[in-house]
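Coordinates from input.cif are shown below (mmCIF, C-alpha atoms and all ligand atoms).
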data_structure
#
loop_
_atom_site.label_atom_id
_atom_site.label_comp_id
_atom_site.auth_asym_id
_atom_site.auth_seq_id
_atom_site.Cartn_x
_atom_site.Cartn_y
_atom_site.Cartn_z
CA MET N 28 12.62 73.15 47.37
CA GLY N 29 13.44 70.45 49.90
CA ARG N 30 11.73 67.09 49.63
CA PRO N 31 10.19 66.15 46.27
CA ASP N 32 6.47 66.59 45.81
CA VAL N 33 5.51 63.20 44.36
CA ALA N 34 2.39 62.20 42.42
CA ILE N 35 2.00 58.44 41.95
CA VAL N 36 -0.24 57.24 39.13
CA GLY N 37 -1.76 53.86 40.03
CA GLY N 38 -2.92 52.54 43.39
CA GLY N 39 -1.90 48.90 42.84
CA ILE N 40 0.77 46.99 44.73
CA GLY N 41 3.52 49.23 43.37
CA GLY N 42 1.87 52.61 43.88
CA LEU N 43 0.75 51.92 47.44
CA THR N 44 4.09 50.40 48.46
CA LEU N 45 6.00 53.35 47.06
CA GLY N 46 3.68 55.76 48.90
CA LEU N 47 4.27 53.93 52.19
CA ALA N 48 8.03 53.71 51.65
CA LEU N 49 8.22 57.44 50.90
CA ARG N 50 6.14 58.26 53.95
CA ARG N 51 8.59 56.28 56.07
CA HIS N 52 11.24 58.72 54.89
CA GLY N 53 9.04 61.74 55.64
CA ILE N 54 8.21 62.37 51.96
CA ARG N 55 4.58 63.08 51.22
CA ALA N 56 3.06 61.58 48.08
CA ARG N 57 -0.37 61.63 46.48
CA ILE N 58 -1.76 58.54 44.75
CA TYR N 59 -4.10 58.87 41.73
CA GLU N 60 -6.00 55.68 40.87
CA GLN N 61 -8.42 55.32 37.97
CA ALA N 62 -10.75 52.85 39.72
CA PRO N 63 -13.57 54.25 41.86
CA GLU N 64 -12.40 51.96 44.67
CA LEU N 65 -9.30 49.91 45.36
CA GLY N 66 -9.65 46.24 44.54
CA GLU N 67 -7.55 43.51 42.98
CA VAL N 68 -8.41 41.43 39.95
CA GLY N 69 -7.11 37.90 40.10
CA ALA N 70 -6.70 35.27 42.73
CA ALA N 71 -3.55 34.99 44.80
CA VAL N 72 0.01 36.15 44.66
CA ALA N 73 3.18 34.42 45.82
CA LEU N 74 5.54 36.72 47.69
CA ALA N 75 9.16 35.64 47.94
CA ALA N 76 11.87 36.81 50.35
CA ASN N 77 13.04 39.61 48.04
CA GLY N 78 9.52 41.09 48.25
CA THR N 79 8.51 40.18 51.80
CA ARG N 80 11.60 41.89 53.20
CA VAL N 81 10.26 45.16 51.75
CA LEU N 82 6.85 44.62 53.34
CA ARG N 83 8.55 43.76 56.63
CA GLU N 84 10.46 47.06 56.54
CA LEU N 85 7.15 48.85 56.17
CA GLY N 86 5.88 47.23 59.37
CA LEU N 87 3.32 45.09 57.54
CA GLU N 88 4.65 41.67 58.54
CA PRO N 89 2.22 40.98 61.41
CA ALA N 90 -0.87 41.74 59.30
CA LEU N 91 0.39 39.96 56.22
CA ALA N 92 1.83 36.91 57.97
CA ALA N 93 -1.54 36.36 59.61
CA ALA N 94 -3.26 36.46 56.22
CA SER N 95 -0.69 34.29 54.43
CA THR N 96 0.12 30.63 54.09
CA VAL N 97 3.72 29.42 54.10
CA PRO N 98 4.13 26.52 51.67
CA THR N 99 5.71 23.31 52.90
CA GLU N 100 7.79 22.57 49.80
CA LEU N 101 8.30 23.24 46.12
CA VAL N 102 7.33 20.24 44.04
CA TYR N 103 7.64 19.59 40.30
CA ARG N 104 5.57 16.78 38.81
CA HIS N 105 5.19 15.10 35.49
CA TRP N 106 1.73 15.72 34.03
CA THR N 107 0.77 12.10 34.65
CA GLY N 108 1.62 12.29 38.35
CA PRO N 109 5.17 11.26 39.30
CA ARG N 110 7.11 13.67 41.51
CA LEU N 111 10.24 14.87 39.73
CA VAL N 112 11.75 16.95 42.51
CA ASP N 113 10.78 18.27 45.93
CA ILE N 114 12.54 21.06 47.76
CA PRO N 115 11.61 21.99 51.35
CA VAL N 116 10.39 25.58 51.81
CA GLY N 117 8.87 26.42 55.25
CA GLU N 118 11.12 27.79 58.00
CA GLY N 119 14.29 26.69 56.20
CA TYR N 120 13.47 29.09 53.36
CA ALA N 121 13.18 32.08 55.70
CA ALA N 122 16.45 31.13 57.37
CA GLN N 123 18.24 30.81 54.02
CA PHE N 124 16.89 33.96 52.40
CA GLY N 125 16.33 36.18 55.42
CA ALA N 126 12.59 36.66 54.94
CA PRO N 127 9.54 34.41 54.52
CA PHE N 128 7.70 33.08 51.48
CA TRP N 129 3.96 33.85 51.59
CA GLY N 130 1.02 32.79 49.50
CA ILE N 131 -1.65 35.44 49.97
CA HIS N 132 -4.94 36.45 48.46
CA ARG N 133 -4.40 39.56 46.36
CA ALA N 134 -7.33 41.31 47.99
CA ARG N 135 -5.78 40.78 51.44
CA LEU N 136 -2.46 42.22 50.31
CA GLN N 137 -4.19 45.19 48.73
CA ASP N 138 -6.30 45.71 51.90
CA ALA N 139 -3.22 45.70 54.12
CA LEU N 140 -1.41 48.22 51.91
CA ALA N 141 -4.51 50.41 51.51
CA SER N 142 -5.33 50.48 55.22
CA ALA N 143 -1.74 51.39 56.05
CA TRP N 144 -1.93 54.20 53.46
CA GLY N 145 -5.33 55.60 54.51
CA THR N 146 -7.55 57.87 52.48
CA GLU N 147 -6.09 61.36 52.84
CA ASP N 148 -3.66 61.21 49.92
CA LEU N 149 -5.61 58.70 47.86
CA HIS N 150 -7.53 60.11 44.91
CA LEU N 151 -9.88 57.55 43.39
CA GLY N 152 -11.70 57.76 40.07
CA LYS N 153 -8.72 59.66 38.60
CA GLU N 154 -7.82 58.18 35.26
CA LEU N 155 -4.68 59.82 33.96
CA VAL N 156 -5.03 60.82 30.32
CA ASP N 157 -1.99 63.03 29.87
CA VAL N 158 1.20 64.04 31.57
CA GLU N 159 3.53 66.83 30.43
CA MET N 160 6.33 69.06 31.65
CA LEU N 161 5.27 72.57 32.58
CA GLY N 162 8.19 74.72 33.64
CA GLY N 163 9.88 72.98 36.57
CA ARG N 164 6.81 70.87 37.35
CA THR N 165 4.94 68.05 35.68
CA ARG N 166 1.24 68.42 34.97
CA LEU N 167 -1.13 65.46 35.20
CA THR N 168 -4.49 65.64 33.44
CA PHE N 169 -7.33 63.27 34.30
CA ALA N 170 -10.31 61.96 32.35
CA ASP N 171 -12.73 63.89 34.58
CA GLY N 172 -11.21 67.16 33.32
CA THR N 173 -9.25 67.98 36.46
CA ASP N 174 -5.49 68.39 36.65
CA THR N 175 -2.69 68.77 39.18
CA THR N 176 1.07 69.27 39.22
CA ALA N 177 4.02 67.66 41.00
CA THR N 178 7.80 67.86 40.96
CA LEU N 179 7.97 64.13 40.22
CA VAL N 180 5.42 61.81 38.61
CA VAL N 181 5.80 58.07 39.14
CA GLY N 182 4.02 55.83 36.65
CA ALA N 183 2.91 52.82 38.70
CA ASP N 184 0.03 52.35 36.29
CA GLY N 185 0.61 48.79 35.20
CA ILE N 186 1.39 46.98 31.97
CA ARG N 187 -0.63 49.38 29.77
CA SER N 188 0.86 52.46 31.42
CA ARG N 189 -0.09 55.92 30.16
CA VAL N 190 2.97 57.44 31.79
CA ARG N 191 5.21 55.01 29.87
CA ALA N 192 3.76 56.28 26.61
CA ARG N 193 5.53 59.60 27.40
CA ILE N 194 8.86 57.92 28.06
CA ALA N 195 9.29 54.99 25.67
CA ASP N 196 7.56 53.55 22.61
CA GLU N 197 7.68 49.89 23.67
CA ALA N 198 4.40 47.99 23.96
CA PRO N 199 3.65 44.65 25.66
CA VAL N 200 4.38 41.56 23.56
CA TYR N 201 2.20 38.46 23.70
CA SER N 202 4.17 35.42 24.91
CA GLY N 203 2.09 32.91 22.94
CA ALA N 204 0.55 31.43 26.09
CA SER N 205 -2.47 32.21 28.23
CA GLY N 206 -3.72 31.27 31.67
CA PHE N 207 -6.86 30.36 33.59
CA ARG N 208 -7.06 31.06 37.30
CA GLY N 209 -9.12 29.68 40.15
CA LEU N 210 -9.54 29.37 43.91
CA VAL N 211 -10.75 25.92 44.95
CA PRO N 212 -11.80 24.90 48.47
CA ARG N 213 -9.36 22.24 49.69
CA SER N 214 -12.28 20.07 50.68
CA ALA N 215 -13.35 19.93 47.01
CA VAL N 216 -10.10 18.23 45.95
CA PRO N 217 -9.26 15.56 48.54
CA GLU N 218 -7.36 13.63 45.85
CA LEU N 219 -4.88 16.48 45.22
CA PRO N 220 -1.44 15.33 46.38
CA ASP N 221 0.63 17.86 48.35
CA PRO N 222 -1.95 20.65 48.52
CA ASP N 223 0.31 22.57 50.92
CA ALA N 224 3.20 22.72 48.47
CA VAL N 225 3.92 25.18 45.71
CA GLN N 226 3.46 22.63 42.98
CA PHE N 227 4.10 22.67 39.23
CA TRP N 228 2.68 19.99 36.94
CA MET N 229 4.47 20.09 33.59
CA GLY N 230 3.25 18.52 30.36
CA PRO N 231 3.11 18.92 26.60
CA GLY N 232 2.00 22.45 25.72
CA ALA N 233 0.76 23.31 29.22
CA HIS N 234 1.51 23.51 32.92
CA VAL N 235 -0.39 24.01 36.16
CA LEU N 236 0.89 25.86 39.21
CA HIS N 237 -0.95 25.70 42.51
CA TYR N 238 -0.42 26.58 46.16
CA ALA N 239 -2.63 26.88 49.21
CA ILE N 240 -3.88 30.01 50.88
CA GLY N 241 -5.67 28.97 54.05
CA ASP N 242 -8.58 26.71 53.16
CA VAL N 243 -8.33 27.22 49.43
CA VAL N 244 -5.96 26.14 46.70
CA ASN N 245 -5.03 28.84 44.19
CA PHE N 246 -4.22 27.64 40.68
CA LEU N 247 -2.89 29.08 37.45
CA ALA N 248 -3.27 26.75 34.47
CA VAL N 249 -1.22 27.90 31.47
CA VAL N 250 -1.69 26.62 27.93
CA ASP N 251 0.01 27.42 24.63
CA GLY N 252 -2.01 29.80 22.45
CA PRO N 253 -4.21 31.14 21.15
CA ASP N 254 -1.89 32.55 18.55
CA PRO N 255 -2.21 35.38 17.72
CA TRP N 256 -3.88 36.87 20.77
CA PRO N 257 -7.32 37.97 19.58
CA GLY N 258 -8.14 40.99 21.73
CA PRO N 259 -6.77 44.46 22.41
CA GLY N 260 -6.81 43.84 26.19
CA GLY N 261 -5.15 41.23 28.35
CA MET N 262 -8.25 39.20 29.18
CA ILE N 263 -10.87 37.51 26.98
CA PRO N 264 -13.83 35.25 27.67
CA ALA N 265 -13.18 31.56 26.96
CA ALA N 266 -15.67 29.20 25.35
CA PRO N 267 -17.19 26.70 27.80
CA GLY N 268 -15.04 23.57 28.20
CA GLU N 269 -11.80 25.05 26.77
CA LEU N 270 -9.84 24.53 29.98
CA GLU N 271 -11.19 21.02 30.52
CA GLU N 272 -10.33 20.07 26.95
CA ALA N 273 -6.72 21.33 27.25
CA PHE N 274 -6.09 19.06 30.25
CA ARG N 275 -8.27 16.13 29.13
CA ASP N 276 -5.52 13.49 29.42
CA TRP N 277 -3.78 14.83 32.54
CA HIS N 278 -3.65 13.24 35.99
CA PRO N 279 -7.14 12.97 37.55
CA ALA N 280 -6.16 15.23 40.47
CA VAL N 281 -5.28 18.04 38.04
CA ARG N 282 -8.56 17.60 36.21
CA ALA N 283 -10.43 17.60 39.53
CA LEU N 284 -8.68 20.82 40.60
CA LEU N 285 -9.36 22.69 37.36
CA GLY N 286 -12.94 21.42 37.16
CA ALA N 287 -13.87 22.25 40.75
CA VAL N 288 -14.77 25.88 40.03
CA PRO N 289 -16.41 27.62 37.05
CA GLN N 290 -13.93 28.31 34.24
CA SER N 291 -12.34 31.75 34.52
CA PRO N 292 -11.72 34.13 31.62
CA ARG N 293 -8.45 33.61 29.77
CA TRP N 294 -5.51 35.85 30.69
CA GLY N 295 -3.03 36.48 27.90
CA LEU N 296 0.51 36.36 29.23
CA PHE N 297 2.29 39.48 28.01
CA ALA N 298 5.72 40.89 28.70
CA LEU N 299 7.35 44.23 27.98
CA PRO N 300 10.55 44.25 25.95
CA PRO N 301 13.38 45.95 27.85
CA LEU N 302 12.83 49.71 27.78
CA PRO N 303 15.69 51.93 26.60
CA ARG N 304 14.93 54.25 29.52
CA TRP N 305 12.64 54.37 32.54
CA SER N 306 12.53 58.11 33.08
CA ALA N 307 12.29 61.37 31.19
CA ASP N 308 12.16 64.88 32.59
CA ARG N 309 10.38 64.52 35.94
CA MET N 310 8.63 61.23 35.17
CA VAL N 311 9.73 57.75 36.13
CA LEU N 312 8.29 54.23 35.87
CA LEU N 313 7.86 51.52 38.47
CA GLY N 314 6.49 47.96 38.51
CA ASP N 315 4.67 46.46 35.53
CA ALA N 316 4.72 49.84 33.80
CA ALA N 317 8.49 49.39 33.50
CA HIS N 318 9.04 45.63 33.38
CA ALA N 319 5.86 43.54 33.05
CA MET N 320 6.98 39.93 32.65
CA VAL N 321 5.53 36.47 32.22
CA PRO N 322 4.64 35.05 35.63
CA HIS N 323 6.68 31.83 35.58
CA HIS N 324 9.03 32.91 38.36
CA GLY N 325 6.19 34.53 40.37
CA GLN N 326 8.28 37.68 40.52
CA GLY N 327 6.41 40.61 38.91
CA ALA N 328 4.97 41.86 42.20
CA ASN N 329 8.13 41.04 44.14
CA LEU N 330 10.27 43.11 41.79
CA THR N 331 7.69 45.88 42.00
CA LEU N 332 8.13 45.90 45.78
CA GLU N 333 11.90 46.07 45.29
CA ASP N 334 11.49 49.00 42.86
CA ALA N 335 9.40 50.90 45.40
CA ALA N 336 11.92 50.43 48.19
CA VAL N 337 14.90 51.42 46.05
CA LEU N 338 13.21 54.50 44.58
CA ALA N 339 12.03 55.67 48.00
CA ASP N 340 15.53 55.25 49.48
CA LEU N 341 17.10 57.22 46.65
CA LEU N 342 14.52 60.01 46.83
CA ALA N 343 15.11 60.19 50.58
CA ASP N 344 18.69 61.17 49.85
CA THR N 345 17.67 64.17 47.71
CA THR N 346 17.74 67.56 49.34
CA SER N 347 16.51 69.68 46.43
CA ASP N 348 14.88 69.29 43.03
CA ALA N 349 18.33 69.59 41.49
CA ASP N 350 19.19 66.16 42.98
CA LEU N 351 16.31 64.41 41.24
CA PRO N 352 17.97 63.62 37.89
CA ALA N 353 20.89 61.86 39.60
CA ALA N 354 18.55 59.90 41.89
CA LEU N 355 16.43 58.79 38.91
CA ALA N 356 19.50 57.82 36.92
CA THR N 357 20.76 55.62 39.78
CA TYR N 358 17.32 54.05 40.21
CA GLU N 359 17.11 53.30 36.52
CA ARG N 360 20.59 51.82 36.38
CA LEU N 361 19.99 49.52 39.34
CA ARG N 362 16.50 48.43 38.48
CA ARG N 363 16.88 47.94 34.74
CA CYS N 364 19.69 45.48 35.26
CA ARG N 365 17.99 43.47 38.00
CA THR N 366 14.55 43.32 36.38
CA ARG N 367 15.93 42.43 32.94
CA GLN N 368 17.73 39.43 34.37
CA VAL N 369 14.62 38.09 36.07
CA ALA N 370 12.34 38.86 33.11
CA ARG N 371 14.65 37.12 30.67
CA SER N 372 14.90 34.10 32.94
CA ALA N 373 11.09 33.92 33.28
CA TRP N 374 10.69 34.20 29.50
CA VAL N 375 13.04 31.30 28.73
CA THR N 376 11.43 29.19 31.47
CA SER N 377 8.10 29.31 29.69
CA PRO N 378 8.78 26.73 26.92
CA LEU N 379 10.69 24.51 29.37
CA LEU N 380 7.51 24.05 31.40
CA HIS N 381 5.65 22.90 28.26
CA LEU N 382 8.06 20.35 26.76
CA PRO N 383 6.61 17.18 25.27
CA ASP N 384 7.85 13.91 26.75
CA GLY N 385 11.25 13.03 25.31
CA PRO N 386 14.97 13.74 25.67
CA ALA N 387 14.61 17.50 26.18
CA ALA N 388 12.07 17.00 28.97
CA ARG N 389 14.30 14.40 30.62
CA ALA N 390 17.29 16.76 30.47
CA ARG N 391 15.15 19.48 32.08
CA ASP N 392 14.00 17.08 34.80
CA ARG N 393 17.59 16.16 35.68
CA ARG N 394 18.38 19.88 35.98
CA LEU N 395 15.53 20.44 38.43
CA ALA N 396 17.63 19.07 41.29
CA ASP N 397 19.77 22.23 41.03
CA LEU N 398 16.79 24.53 41.17
CA VAL N 399 17.54 26.17 44.51
CA GLU N 400 21.07 26.94 43.42
CA ASP N 401 19.90 28.11 39.99
CA PHE N 402 17.31 30.57 41.30
CA SER N 403 18.60 31.60 44.72
CA TRP N 404 19.96 34.81 43.17
CA ILE N 405 16.35 35.92 42.66
CA HIS N 406 15.14 35.27 46.20
CA ALA N 407 18.30 36.25 48.09
CA TYR N 408 18.35 39.74 46.59
CA ASP N 409 18.36 42.50 49.18
CA HIS N 410 17.26 45.77 47.62
CA ARG N 411 19.41 47.75 50.07
CA GLU N 412 22.68 46.11 49.11
CA PRO N 413 23.49 46.77 45.45
CA ALA N 414 23.21 50.52 45.61
CA GLY N 415 25.36 50.63 48.68
CA LEU N 416 22.23 52.22 50.06
CA ARG N 417 22.47 50.50 53.40
CA THR N 418 26.07 51.56 53.88
CA ARG N 419 25.34 55.12 52.83
CA ARG N 420 22.29 55.42 55.06
CA LYS N 421 24.18 54.01 58.06
CA ALA N 422 27.03 56.41 57.43
CA SER N 423 24.68 59.38 57.25
CA ALA N 424 22.65 58.32 60.35
C1 LIG T 1 -1.52 35.24 35.97
C2 LIG T 1 -0.55 36.07 36.76
C3 LIG T 1 -0.02 35.58 37.95
C4 LIG T 1 0.92 36.33 38.66
N1 LIG T 1 1.43 35.82 39.82
C5 LIG T 1 2.40 36.51 40.47
C6 LIG T 1 2.98 35.98 41.66
O1 LIG T 1 2.62 34.90 42.14
N2 LIG T 1 3.97 36.70 42.27
C7 LIG T 1 4.39 37.91 41.77
O2 LIG T 1 5.31 38.51 42.35
N3 LIG T 1 3.81 38.46 40.68
C8 LIG T 1 2.84 37.79 40.02
N4 LIG T 1 2.25 38.35 38.91
C9 LIG T 1 2.65 39.72 38.49
C10 LIG T 1 1.99 40.80 39.36
O3 LIG T 1 0.59 40.62 39.37
C11 LIG T 1 2.33 42.19 38.82
O4 LIG T 1 3.70 42.26 38.54
C12 LIG T 1 1.97 43.29 39.83
O5 LIG T 1 0.59 43.30 40.06
C13 LIG T 1 2.42 44.66 39.30
O6 LIG T 1 1.99 45.66 40.18
P1 LIG T 1 1.84 47.17 39.67
O7 LIG T 1 1.44 47.96 40.87
O8 LIG T 1 3.05 47.57 38.91
O9 LIG T 1 0.69 47.14 38.58
P2 LIG T 1 -0.85 46.81 38.74
O10 LIG T 1 -1.07 45.80 39.82
O11 LIG T 1 -1.34 46.49 37.37
O12 LIG T 1 -1.50 48.18 39.24
C14 LIG T 1 -1.61 49.28 38.37
C15 LIG T 1 -2.67 50.22 38.94
O13 LIG T 1 -2.70 51.39 38.12
C16 LIG T 1 -4.04 51.73 37.84
N5 LIG T 1 -4.04 52.46 36.56
C17 LIG T 1 -3.78 51.98 35.32
N6 LIG T 1 -3.87 52.94 34.40
C18 LIG T 1 -4.19 54.09 35.07
C19 LIG T 1 -4.42 55.44 34.66
N7 LIG T 1 -4.36 55.81 33.36
N8 LIG T 1 -4.72 56.37 35.62
C20 LIG T 1 -4.79 56.01 36.95
N9 LIG T 1 -4.59 54.74 37.37
C21 LIG T 1 -4.28 53.79 36.46
C22 LIG T 1 -4.75 50.38 37.76
O14 LIG T 1 -6.16 50.52 37.94
C23 LIG T 1 -4.08 49.63 38.89
O15 LIG T 1 -4.71 49.86 40.13
C24 LIG T 1 1.32 37.62 38.19
C25 LIG T 1 0.77 38.12 37.00
C26 LIG T 1 -0.14 37.36 36.28
C27 LIG T 1 -0.71 37.92 34.99
#
Would you mind writing the structure in this file as structure tokens?
Ligand SMILES: Cc1cc2nc3c(=O)[nH]c(=O)nc-3n(C[C@H](O)[C@H](O)[C@H](O)COP(=O)(O)OP(=O)(O)OC[C@H]3O[C@@H](n4cnc5c(N)ncnc54)[C@H](O)[C@@H]3O)c2cc1C
Amino acid sequence: MGRPDVAIVGGGIGGLTLGLALRRHGIRARIYEQAPELGEVGAAVALAANGTRVLRELGLEPALAAASTVPTELVYRHWTGPRLVDIPVGEGYAAQFGAPFWGIHRARLQDALASAWGTEDLHLGKELVDVEMLGGRTRLTFADGTDTTATLVVGADGIRSRVRARIADEAPVYSGASGFRGLVPRSAVPELPDPDAVQFWMGPGAHVLHYAIGDVVNFLAVVDGPDPWPGPGGMIPAAPGELEEAFRDWHPAVRALLGAVPQSPRWGLFALPPLPRWSADRMVLLGDAAHAMVPHHGQGANLTLEDAAVLADLLADTTSDADLPAALATYERLRRCRTRQVARSAWVTSPLLHLPDGPAARARDRRLADLVEDFSWIHAYDHREPAGLRTRRKASA
């Protein structure tokens, strides 16, 4: 009895953060990761106040702030160059939202989380193939033939989660758009205006997002199609010149940025439809396993950090296994609502970023001036507030 015995499937951003948040509450967890070593695919990640406040609580701010770059402003541009709107970020952002905005290399974030976690409760090369209830415990079976049990299994195993397959039937849906990513030395693109900003360039059927991390500029170039998505996985090789061709008529600085590094593979942008439930028996989902979304608000990882903090706080309040169902139900109620709102907003943003020139694009551009007001609800969110968790914890201290 007592504290739950937690097995976390997946050693990504979500799994490691949950492990650390549980440890802070004196709850021991074991992490099972399929990869033989921890590493991150992809380039950079933008962490907003709603996510950085979780990392701050875990004591990771000094390490992460040193590895991050704070953008100067948020800029939207027309695909031919003109600035449509610019909103200061920097120190003012941290003052407004109570925590900083960081652009960071994914590998650096993963390193910071992994070093804080250590190796003792990290089991690498453990690909989960099955999970089932066995009396009062849940059994996890791995591809190498081994198994283990826990009182609670958390599926932090990403968009193609095996744990989710035991809880809900939903599968990721292709958004109709795909992205190319790159890290370009600043010195290679002297013509790029505002390299220190988080900058969107919007044009017909495509957009480019970039921001700086130290000496490099991270970009994500998103184009409509291919439709349908041709592969079973989320990434496919792209024929030489595909990216260049898609942006052939764009501003020279955009073409210089995208052409400065070898073309990446193509990432299909997928999202999960809302799940009818996030937990069953002694299994629960977290992060992309529960709410993978298109990346147009840069929020998938931030919401994953929120999930981890909320779940850890709720589990900390349990005193026996009998409390687990209520804790999971509260977690599910809080997180489904919040993540659905952000996911839906990101989904409807997608076509707005790709409008052809014309009245609809002009109406969108006029609306951009209200951007901070429109999206502050995402960044201002404090994971401790909605559950009354802060109040309850203070009262019980
Ligand atoms: C192009 C792009 C740009 C993005 N940019 C941003 C951004 O700027 N800001 C932001 O907040 N979010 C961004 N996101 C979203 C963000 O990357 C994800 O939301 C985040 O990585 C989710 O973390 P996770 O831990 O849930 O899943 P993952 O990071 O996918 O980690 C899952 C882990 O589980 C492991 N695993 C999977 N299956 C098994 C198994 N069967 N057994 C054991 N282990 C398993 C995997 O190996 C992996 O380590 C972006 C996404 C994309 C596609």
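Using only C-alpha atoms for every distance, the candidate list N:Arg133, N:Trp106, N:Gly119, N:Ala56 yields N:Ala56 as the residue closest to His150 in chain N.
Atom to atom, CA of Ala126 in chain N and CA of Leu87 in chain N stand 12.8 Å apart.
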Inset, instruction - Between N:Asn77, N:Thr44, N:Thr99, N:Gln123, single out the one closest to Ala224 in chain N, counting all atoms listed in the file. - result: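 Closest candidate: N:Thr99.
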Inset, instruction - Fewer than 2 positions away in the same chain doesn't count, so skip those; otherwise give me all residues within 9 Å of Met229 in chain N, counting all atoms listed in the file, as a PyMOL selection string. - result: chain N and resi 103-107+227+231-236+379-382
With C-alpha atoms retained, could you export that selection as a PDB file, keeping the file's coordinate frame?
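Wrote selection.pdb, looks like this:
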ATOM      1  CA  TYR N 103       7.640  19.590  40.300  1.00  0.00           C
ATOM      2  CA  ARG N 104       5.570  16.780  38.810  1.00  0.00           C
ATOM      3  CA  HIS N 105       5.190  15.100  35.490  1.00  0.00           C
ATOM      4  CA  TRP N 106       1.730  15.720  34.030  1.00  0.00           C
ATOM      5  CA  THR N 107       0.770  12.100  34.650  1.00  0.00           C
ATOM      6  CA  PHE N 227       4.100  22.670  39.230  1.00  0.00           C
ATOM      7  CA  PRO N 231       3.110  18.920  26.600  1.00  0.00           C
ATOM      8  CA  GLY N 232       2.000  22.450  25.720  1.00  0.00           C
ATOM      9  CA  ALA N 233       0.760  23.310  29.220  1.00  0.00           C
ATOM     10  CA  HIS N 234       1.510  23.510  32.920  1.00  0.00           C
ATOM     11  CA  VAL N 235      -0.390  24.010  36.160  1.00  0.00           C
ATOM     12  CA  LEU N 236       0.890  25.860  39.210  1.00  0.00           C
ATOM     13  CA  LEU N 379      10.690  24.510  29.370  1.00  0.00           C
ATOM     14  CA  LEU N 380       7.510  24.050  31.400  1.00  0.00           C
ATOM     15  CA  HIS N 381       5.650  22.900  28.260  1.00  0.00           C
ATOM     16  CA  LEU N 382       8.060  20.350  26.760  1.00  0.00           C
TER      17      LEU N 382
END
Inset, instruction - Tell me which of N:Glu271, N:Asp242, N:Asp32, N:Asp315 sits closest to ligand LIG 1 (chain T), counting only C-alpha atoms and all ligand atoms. - result: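 Closest to ligand LIG 1 (chain T) of all the choices is N:Asp315.
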Inset, instruction - Quote the spacing between CA of Gly209 in chain N and CA of Leu299 in chain N in Å to one decimal place. - result: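 It comes out at 25.1 Å.
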Legend entry - Distance of CA of Arg362 in chain N from CA of Gly130 in chain N, expressed in Å to one decimal place: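 Between CA of Gly130 in chain N and CA of Arg362 in chain N the gap is 24.6 Å.
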Inset, instruction - Around ligand LIG 1 (chain T), at most 7 Å away and counting all atoms listed in the file, which residues are there? Put them as a ChimeraX atom specification, please. - result: /N:36-42,59-62,65,71-74,153-156,183-189,206,247,294,296,313-316,319,321-322,325-331
Just the residues within 8 Å of range 332-345 of chain N, please, counting only C-alpha atoms, with nothing from its chain fewer than 6 positions along; format it as an mmCIF file with C-alpha atoms, keeping the file's coordinate frame.
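Everything below was put into out-v8.cif:
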data_model
loop_
_atom_site.group_PDB
_atom_site.id
_atom_site.type_symbol
_atom_site.label_atom_id
_atom_site.label_comp_id
_atom_site.auth_asym_id
_atom_site.auth_seq_id
_atom_site.Cartn_x
_atom_site.Cartn_y
_atom_site.Cartn_z
ATOM 1 C CA GLY N 29 13.440 70.450 49.900
ATOM 2 C CA ARG N 30 11.730 67.090 49.630
ATOM 3 C CA PRO N 31 10.190 66.150 46.270
ATOM 4 C CA ILE N 40 0.770 46.990 44.730
ATOM 5 C CA GLY N 41 3.520 49.230 43.370
ATOM 6 C CA GLY N 42 1.870 52.610 43.880
ATOM 7 C CA THR N 44 4.090 50.400 48.460
ATOM 8 C CA LEU N 45 6.000 53.350 47.060
ATOM 9 C CA ALA N 48 8.030 53.710 51.650
ATOM 10 C CA LEU N 49 8.220 57.440 50.900
ATOM 11 C CA HIS N 52 11.240 58.720 54.890
ATOM 12 C CA ILE N 54 8.210 62.370 51.960
ATOM 13 C CA ASN N 77 13.040 39.610 48.040
ATOM 14 C CA GLY N 78 9.520 41.090 48.250
ATOM 15 C CA VAL N 81 10.260 45.160 51.750
ATOM 16 C CA LEU N 82 6.850 44.620 53.340
ATOM 17 C CA LEU N 313 7.860 51.520 38.470
ATOM 18 C CA GLY N 314 6.490 47.960 38.510
ATOM 19 C CA LEU N 351 16.310 64.410 41.240
ATOM 20 C CA ALA N 354 18.550 59.900 41.890
ATOM 21 C CA LEU N 355 16.430 58.790 38.910
ATOM 22 C CA THR N 357 20.760 55.620 39.780
ATOM 23 C CA TYR N 358 17.320 54.050 40.210
ATOM 24 C CA ARG N 362 16.500 48.430 38.480
ATOM 25 C CA HIS N 410 17.260 45.770 47.620
ATOM 26 C CA ARG N 411 19.410 47.750 50.070
ATOM 27 C CA LEU N 416 22.230 52.220 50.060
#
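If only C-alpha atoms are the atoms counted, then among N:Ala198, N:Ala204, N:Arg213, N:Ile58 the closest residue to Leu151 in chain N is N:Ile58.
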Inset, instruction - Excluding Gly261 in chain N and any residue of its chain fewer than 3 positions from it, enumerate the residues within 9 Å of it, using all atoms listed in the file, and give them as a PyMOL selection string. - result: chain N and resi 256+258+293-297
Inset, instruction - Identify which of the residues N:Arg391, N:Arg360, N:Arg208, N:Arg275 lies closest to Ser291 in chain N, counting only C-alpha atoms when measuring atom-to-atom distances. - result: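 Ranking N:Arg391, N:Arg360, N:Arg208, N:Arg275 by distance to Ser291 in chain N, first place goes to N:Arg208.
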Legend entry - Nearby residues (all atoms listed in the file) at most 8 Å from Thr175 in chain N, same-chain spacing under 3 positions excluded, as a VMD selection string: chain N and resid 166 to 168
Inset, instruction - Excluding Asn245 in chain N and any residue of its chain fewer than 3 positions from it, enumerate the residues within 8 Å of it, using all atoms listed in the file, and give them as a PyMOL selection string. - result: chain N and resi 70-71+208-211+237-240
